[in-house]
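Engineer: The structure that follows is given in the form of structure tokens.
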Amino acid sequence: MFIMSARDRAPPKGNAMPQVSTAVVFPGQGSQRHGMGQDFHDRFLPARRVYEEASEALGLDMPALCFKSDERLNLTEYAQPAILTTEVAMFRAVQAEFGLLASHYGGHSLGEYTALVAAGALALHEAVQIVRARGCLMQAAVEVGRGSMVAVIGEGLDLEAVQIAIKDLQVSIANDNSAHQFVLSGLADEMRVAQQRVGEIAGGAGVRFVELEVSAPFHSPLMSTIERAFEEVLRETAKCLHAGAARVVTSNYTGGFHDGHAASVIEKLTRQISHTVRWRSNMKALAGRCSRVIEIGPGRPLRGFFRTIGVDAESITSVASAKRVTGGGADF
């Protein structure tokens with residue numbers, strides 16, 4: 001999860017993007033919105049096919065879920081496959097219609113699954129089933145109301161000092177998003193104590209706390225109870241896992257790239273549920289290999305994080321922005 005702060009191609013139609021090494025990154029849960037992806041669905045066949053495949057795989061009307069005012073979009077079970085479907089639809093449309101060529105991929109939390117689909121490591125129909133099960137398990141791990149997630153925003157945040165200060169609490173660092181932001185996750189009753197201690201470490205240096213609207217304490221040890229069940233989901237569902245393709249995808253769990261071994265990919269995805277999303281390390285890994293970063297998704301929370309490491313990432317959230325970022329594409 002994340003919150004934005006103020007600081008923080010072999011194409012048809014002959015409109016290839018410049019031949020540079022490009023990383024494509026995908027945001028995760030929290031980026032969803034009603035109507036997401038509809039402009040791509042209405043204009044481009046590759047996008048419509050993605051929604052059709054996801055609908056068939058889940059037995060859900062994915063266009064209705066994503067485009068209409070459906071309250072299920074706020075439920076983790078539905079939000080996760082809806083975001084993944086939308087991001088894959090947008091990505092494939094930008095590939096086919098705007099000539100996007102990418103060499104590396106990354107994704108924040110749920111977005112890591114989109115990245116694996118984009119890289120060809122996971123099939124779409126498998127991925128949407130996996131993340132729906134993931135959402136159900138994550139929601140069931142902790143009773144609603146017992147958990148909390150809070151974004152901590154400020155200058156010069158010392159994560160090592162924070163970890164020491166909260167080690168006796170059932171609160172941990174869920175997301176290391178940037179030098180200016182991290183997210184705490186854990187029991188709601190102990191979160192207030194954690195915030196007080198973080199404030200003391202910051203010494204009143206303008207640190208802000210923003211409670212996230214989530215239904216469970218994601219990426220905390222409280223999620224460890226579902227790891228075994230989720231590992232079984234991965235092993236049963238990802239039967240066509242092309243682990244070698246995952247070598248160009250960053251792992252939230254390790255901070256670096258996947259090693260291309262199936263057992264390792266499954267283990268890292270399993271452990272990601274209850275451990276810190278090392279997004280700052282992911283960004284540095286991608287920037288070390290690529291000269292351009294493009295964010296694709298219904299929102300653009302990752303762009304600001306990249307700017308904190310000196311990378312001017314571009315964002316595609318609509319057909320209009322796809323045309324602007326790629327410099328051309330299909331006729332309108």
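Quick note on naming: the chains in the structure tokens go A, B, ... in the order shown, residues restart at 1 in each chain, and ligands are numbered from 1 in order of appearance.
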What are the closest atom pairs, with distances in Å to one decimal, for all residues of region 228-250 of chain A lying within 9 Å of region 120-144 of chain A? Consider only C-alpha atoms, order rows by chain and residue number, and present the result as CSV.
Structural biologist:
```
residue,atom,partner,partner_atom,distance
A:Ala229,CA,A:Leu137,CA,8.1
A:Phe230,CA,A:Arg134,CA,6.6
A:Val233,CA,A:Ile130,CA,6.6
A:Leu234,CA,A:Ile130,CA,6.6
A:Thr237,CA,A:Glu126,CA,6.0
A:Ala238,CA,A:Glu126,CA,6.1
A:Lys239,CA,A:Glu126,CA,8.4
A:Cys240,CA,A:Leu122,CA,7.1
A:Leu241,CA,A:Leu122,CA,5.4
A:His242,CA,A:Ala121,CA,4.4
A:Ala243,CA,A:Ala121,CA,5.7
A:Gly244,CA,A:Ala121,CA,7.2
A:Ala245,CA,A:Ala121,CA,5.0
A:Ala246,CA,A:Ala121,CA,5.5
```
Engineer: Considering only strand (DSSP E or B) as DSSP defines it on the backbone, what residues of region 115-221 of chain A qualify? List them as a VMD selection string.
Structural biologist: chain A and resid 147 to 153 171 to 178 181 to 187 208 to 211
Engineer: I need the chosen residues saved as a compact mmCIF listing (two decimals), in the first residue's frame, with N, CA and C atoms.
Structural biologist:
```txt
# COMPACT_ATOMS: atom_id res chain seq x y z
N GLY A 147 -6.70 -4.73 12.81
CA GLY A 147 -5.45 -4.31 12.17
C GLY A 147 -5.51 -2.88 11.67
N SER A 148 -4.34 -2.34 11.38
CA SER A 148 -4.25 -0.97 10.91
C SER A 148 -2.98 -0.80 10.08
N MET A 149 -3.03 0.14 9.13
CA MET A 149 -1.84 0.50 8.36
C MET A 149 -1.76 2.03 8.32
N VAL A 150 -0.57 2.55 8.57
CA VAL A 150 -0.37 4.00 8.64
C VAL A 150 0.86 4.38 7.84
N ALA A 151 0.69 5.33 6.93
CA ALA A 151 1.83 5.86 6.17
C ALA A 151 2.53 6.91 7.01
N VAL A 152 3.85 6.84 7.03
CA VAL A 152 4.67 7.81 7.76
C VAL A 152 5.45 8.61 6.72
N ILE A 153 5.24 9.92 6.73
CA ILE A 153 5.80 10.79 5.70
C ILE A 153 6.66 11.86 6.36
N VAL A 171 3.69 -4.46 15.50
CA VAL A 171 3.66 -3.48 14.42
C VAL A 171 4.99 -3.57 13.70
N SER A 172 4.97 -3.53 12.39
CA SER A 172 6.21 -3.64 11.63
C SER A 172 6.16 -2.73 10.40
N ILE A 173 7.28 -2.63 9.71
CA ILE A 173 7.34 -1.82 8.49
C ILE A 173 6.84 -2.67 7.33
N ALA A 174 5.72 -2.27 6.76
CA ALA A 174 5.10 -3.02 5.67
C ALA A 174 5.69 -2.64 4.32
N ASN A 175 5.90 -1.35 4.10
CA ASN A 175 6.41 -0.87 2.81
C ASN A 175 7.54 0.11 3.04
N ASP A 176 8.68 -0.14 2.43
CA ASP A 176 9.76 0.84 2.38
C ASP A 176 9.65 1.51 1.02
N ASN A 177 8.86 2.58 0.95
CA ASN A 177 8.49 3.17 -0.33
C ASN A 177 9.53 4.14 -0.88
N SER A 178 10.10 4.96 -0.02
CA SER A 178 11.08 5.96 -0.46
C SER A 178 11.78 6.52 0.75
N GLN A 181 9.05 8.17 2.79
CA GLN A 181 7.81 7.50 3.20
C GLN A 181 8.01 6.02 3.46
N PHE A 182 7.44 5.55 4.55
CA PHE A 182 7.29 4.12 4.78
C PHE A 182 5.91 3.89 5.39
N VAL A 183 5.49 2.64 5.44
CA VAL A 183 4.16 2.29 5.96
C VAL A 183 4.30 1.31 7.10
N LEU A 184 3.62 1.60 8.20
CA LEU A 184 3.55 0.70 9.34
C LEU A 184 2.30 -0.17 9.23
N SER A 185 2.40 -1.40 9.71
CA SER A 185 1.26 -2.32 9.65
C SER A 185 1.26 -3.18 10.90
N GLY A 186 0.08 -3.37 11.49
CA GLY A 186 0.00 -4.22 12.68
C GLY A 186 -1.30 -4.05 13.42
N LEU A 187 -1.31 -4.39 14.69
CA LEU A 187 -2.50 -4.28 15.51
C LEU A 187 -2.86 -2.82 15.74
N ARG A 208 4.53 13.23 9.35
CA ARG A 208 3.07 13.13 9.27
C ARG A 208 2.66 11.67 9.28
N PHE A 209 1.49 11.40 9.86
CA PHE A 209 0.94 10.05 9.89
C PHE A 209 -0.41 10.08 9.17
N VAL A 210 -0.57 9.17 8.21
CA VAL A 210 -1.82 9.10 7.45
C VAL A 210 -2.34 7.67 7.51
N GLU A 211 -3.49 7.49 8.14
CA GLU A 211 -4.07 6.15 8.24
C GLU A 211 -4.63 5.73 6.88
```
Engineer: For a test of reading the model, state the distance in Å between CA of Val214 (chain A) and CA of Ala188 (chain A), rounded to one decimal.
Structural biologist: 11.7 Å
Engineer: Do a neighbour search on Arg300 (chain A) at 9 Å with only C-alpha atoms, toss out local chain neighbours closer than 5 positions, and write the hits as a ChimeraX atom specification.
Structural biologist: /A:4,26-27,31,295,314-317
Engineer: Save out the residues we just selected, N, CA and C atoms, as a short mmCIF file (atom, residue, chain, number, x, y, z; two decimals), in the first residue's frame.
Structural biologist:
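Writing done, so here's again15.cif:
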```
data_model
loop_
_atom_site.label_atom_id
_atom_site.label_comp_id
_atom_site.auth_asym_id
_atom_site.auth_seq_id
_atom_site.Cartn_x
_atom_site.Cartn_y
_atom_site.Cartn_z
N MET A 4 0.55 9.01 -1.73
CA MET A 4 1.42 9.99 -2.37
C MET A 4 1.55 11.23 -1.50
N PHE A 26 4.08 -1.36 -12.12
CA PHE A 26 2.64 -1.39 -11.90
C PHE A 26 2.31 -1.16 -10.42
N PRO A 27 1.39 -0.23 -10.13
CA PRO A 27 0.98 0.00 -8.74
C PRO A 27 0.09 -1.14 -8.23
N SER A 31 -4.81 1.76 -5.68
CA SER A 31 -4.82 2.56 -6.91
C SER A 31 -6.13 2.40 -7.68
N GLU A 295 5.26 3.95 -15.66
CA GLU A 295 4.27 3.37 -14.75
C GLU A 295 2.94 3.23 -15.49
N GLU A 314 7.61 8.21 -15.98
CA GLU A 314 6.42 8.68 -16.67
C GLU A 314 5.25 7.76 -16.32
N SER A 315 4.04 8.28 -16.39
CA SER A 315 2.88 7.49 -16.00
C SER A 315 1.83 7.44 -17.10
N ILE A 316 1.26 6.24 -17.30
CA ILE A 316 0.14 6.04 -18.21
C ILE A 316 -1.05 5.57 -17.38
N THR A 317 -2.07 6.42 -17.32
CA THR A 317 -3.29 6.09 -16.59
C THR A 317 -4.52 6.13 -17.50
#
```
